[in-house]
Amino acid sequence: MNVNGYEIIDGILDLSKRELTSIDSKAFLSSKQIRQVMLPRSIERIGDWAFAKCSNLRAVKFAGPFRPGLFGRDVFAGCENLKLIEFADSDSVTARLHALCANKLPYDHLLRSDDVGQKSWYEKWDIVFQSVLASDDSEVRMSAALCGEEDISYDGIGSVDGELPGETGDYVQKEEFRKCSLCYIRLSNSTFLTESTENAIKNHLIANRFGEASGAAFYSIFEEDENILPYLRIYLDTVKPDRQMLSEMISAVPAKDVYARSFLIKEAGGTGGGADSLML
C-alpha cells in the first residue's frame, strides 16, 4: 500500500534508506495502516501533525541521534497506541516515556523539548505527571464543557462536530485509569525518579486501590495489553492487601486473565491458610 508515494509493507513505513531531510505537515495524517515508522539519520524536521491520528502506530525508530528542533507541533497527537520513540542514542526508559508525551501524559512541549533524555527533562516530565495526578477529573471535564470547549475528545485532537465524546462518568473513569497506568509505567521505568515523586505515585495507587473509589489502581491493570503480572506485583507491594482483600480481588479478575488469577492465588497462599480455599 502507498501513502503519498511511500510504500507501507506489513504495517511498516521504512524510510531509513532514503536521504530525507524533512516530512511535510500532515503527510501521514490518519493513516491507519502504519504500525511502525523507521526514519533515516538525515531527517532534520518532521512537520506539524505529520503522523497525527495514526491510531495503530506503536513504534517510531530513528537511525540517528535525537536533535533539537526535530518535531513540529502535535506530530503524534491522537496516536493512542504509541509505545516507543527511539533514537540511536536513547535508552529504553527515555524511549518509553517520550512516547507517552503523545498520548497518556500528554504534553506536547515535552515531546519537542531540546533536553530529551537528560535529567532536566525527567524532572519536567515528573512535574507534569504530578500535576496530572493532582487534577480533579470531573472538575476538569465540566470546566471544559462550561467554557465552550466541547471539541476536546479522547484522542486529544478534538471532534469536528462539537459533540461531547460520551458521558462525563465515562470520561472520569477513563482519566482515572490513565493516571494509574502512568503510575505503573513510571515505577517500572524509574530513571531519575525522586523519592517525593515515588511517594506521590504510591499514595495515588493506595487512594485508588481495590475497594476504594473506582478501584482504578487494580482494574486499570487489566486494560493493558502487556505487563499485567509486573504491574500486579507493584500493586501488591504498594497496597499490601490482606487475605480477605486478596480473595475479593481474585474474584474480580476478568475471566480472560487466567495467569493473573493464578498469580494472585499463589500470593494469597503465602498469607496464611491454603490457596485452595481461594479458588472461587
# chains A, B, ... in the order shown; residues from 1 in each chain; ligands from 1
call {"tool": "residues_around", "arguments": {"residues": "Phe210 of chain A", "least_positions_apart": "3", "cutoff": "12 Å", "atoms": "only C-alpha atoms", "output": "VMD selection string"}}
result
chain A and resid 205 to 207 213 to 221 232 235 to 236 239 to 242 244 to 253
call {"tool": "write_last_selection", "arguments": {"atoms": "N, CA and C atoms", "output": "CSV table (one decimal), in the first residue's frame"}}
result
chain,number,residue,atom,x,y,z
A,205,LEU,N,-1.9,5.3,44.1
A,205,LEU,CA,-2.3,3.9,43.9
A,205,LEU,C,-3.1,3.4,45.2
A,206,ILE,N,-2.6,3.8,46.3
A,206,ILE,CA,-3.3,3.4,47.6
A,206,ILE,C,-4.6,4.0,47.7
A,207,ALA,N,-4.7,5.3,47.3
A,207,ALA,CA,-6.0,6.0,47.4
A,207,ALA,C,-7.0,5.4,46.4
A,213,ALA,N,-13.0,4.1,46.1
A,213,ALA,CA,-13.4,4.9,44.9
A,213,ALA,C,-13.8,4.0,43.7
A,214,SER,N,-13.1,4.1,42.6
A,214,SER,CA,-13.5,3.3,41.4
A,214,SER,C,-12.6,2.0,41.4
A,215,GLY,N,-11.6,2.0,42.3
A,215,GLY,CA,-10.7,0.8,42.3
A,215,GLY,C,-9.7,0.8,41.1
A,216,ALA,N,-9.5,2.0,40.5
A,216,ALA,CA,-8.7,2.1,39.3
A,216,ALA,C,-7.3,1.6,39.3
A,217,ALA,N,-6.7,1.6,40.5
A,217,ALA,CA,-5.4,1.1,40.6
A,217,ALA,C,-5.3,-0.4,40.4
A,218,PHE,N,-6.4,-1.1,40.7
A,218,PHE,CA,-6.5,-2.5,40.4
A,218,PHE,C,-7.0,-2.8,39.0
A,219,TYR,N,-8.2,-2.2,38.7
A,219,TYR,CA,-8.9,-2.6,37.4
A,219,TYR,C,-8.1,-2.1,36.2
A,220,SER,N,-7.4,-1.0,36.3
A,220,SER,CA,-6.7,-0.4,35.1
A,220,SER,C,-5.6,-1.4,34.7
A,221,ILE,N,-5.1,-2.2,35.5
A,221,ILE,CA,-4.0,-3.2,35.2
A,221,ILE,C,-4.5,-4.1,34.0
A,232,LEU,N,0.8,-6.1,38.6
A,232,LEU,CA,0.2,-6.7,39.8
A,232,LEU,C,1.2,-6.8,41.0
A,235,TYR,N,1.4,-3.4,42.4
A,235,TYR,CA,0.2,-3.2,43.2
A,235,TYR,C,0.3,-3.8,44.6
A,236,LEU,N,0.7,-5.1,44.6
A,236,LEU,CA,0.7,-5.8,45.9
A,236,LEU,C,1.8,-5.2,46.8
A,239,VAL,N,0.2,-1.6,47.9
A,239,VAL,CA,-1.1,-1.6,48.7
A,239,VAL,C,-1.0,-2.6,49.9
A,240,LYS,N,-0.3,-3.7,49.7
A,240,LYS,CA,-0.2,-4.7,50.7
A,240,LYS,C,-1.6,-5.2,51.2
A,241,PRO,N,-2.4,-5.7,50.3
A,241,PRO,CA,-3.8,-6.2,50.7
A,241,PRO,C,-3.7,-7.4,51.7
A,242,ASP,N,-4.7,-7.5,52.6
A,242,ASP,CA,-4.8,-8.6,53.5
A,242,ASP,C,-5.4,-9.8,52.7
A,244,GLN,N,-8.3,-11.3,53.1
A,244,GLN,CA,-9.7,-11.1,52.6
A,244,GLN,C,-9.8,-10.3,51.4
A,245,MET,N,-9.0,-9.2,51.3
A,245,MET,CA,-9.0,-8.4,50.2
A,245,MET,C,-8.4,-9.2,48.9
A,246,LEU,N,-7.4,-10.0,49.1
A,246,LEU,CA,-6.9,-10.8,48.0
A,246,LEU,C,-7.9,-11.7,47.5
A,247,SER,N,-8.7,-12.3,48.4
A,247,SER,CA,-9.8,-13.2,48.0
A,247,SER,C,-10.8,-12.4,47.1
A,248,GLU,N,-11.2,-11.2,47.5
A,248,GLU,CA,-12.1,-10.4,46.7
A,248,GLU,C,-11.5,-10.0,45.4
A,249,MET,N,-10.2,-9.7,45.4
A,249,MET,CA,-9.5,-9.3,44.1
A,249,MET,C,-9.5,-10.5,43.1
A,250,ILE,N,-9.3,-11.7,43.6
A,250,ILE,CA,-9.3,-12.9,42.8
A,250,ILE,C,-10.6,-13.1,42.1
A,251,SER,N,-11.7,-12.8,42.8
A,251,SER,CA,-13.0,-13.0,42.2
A,251,SER,C,-13.2,-11.9,41.1
A,252,ALA,N,-12.6,-10.8,41.3
A,252,ALA,CA,-12.8,-9.6,40.4
A,252,ALA,C,-11.9,-9.7,39.1
A,253,VAL,N,-11.0,-10.6,39.1
A,253,VAL,CA,-10.1,-10.7,37.9
A,253,VAL,C,-10.9,-11.1,36.7
call {"tool": "residues_around", "arguments": {"residues": "Trp49 of chain A", "least_positions_apart": "4", "cutoff": "10 Å", "atoms": "only C-alpha atoms", "output": "NGL selection string"}}
result
:A and (24-30 or 53-54 or 71-78)
call {"tool": "closest_residue", "arguments": {"among": "A:Ile46, A:Val93, A:Leu15, A:Ile127", "to": "Ala63 of chain A", "atoms": "only C-alpha atoms"}}
result
A:Leu15
call {"tool": "closest_residue", "arguments": {"among": "A:Ala88, A:Ala268, A:Val116, A:Leu82", "to": "Pro40 of chain A", "atoms": "only C-alpha atoms"}}
result
A:Ala88
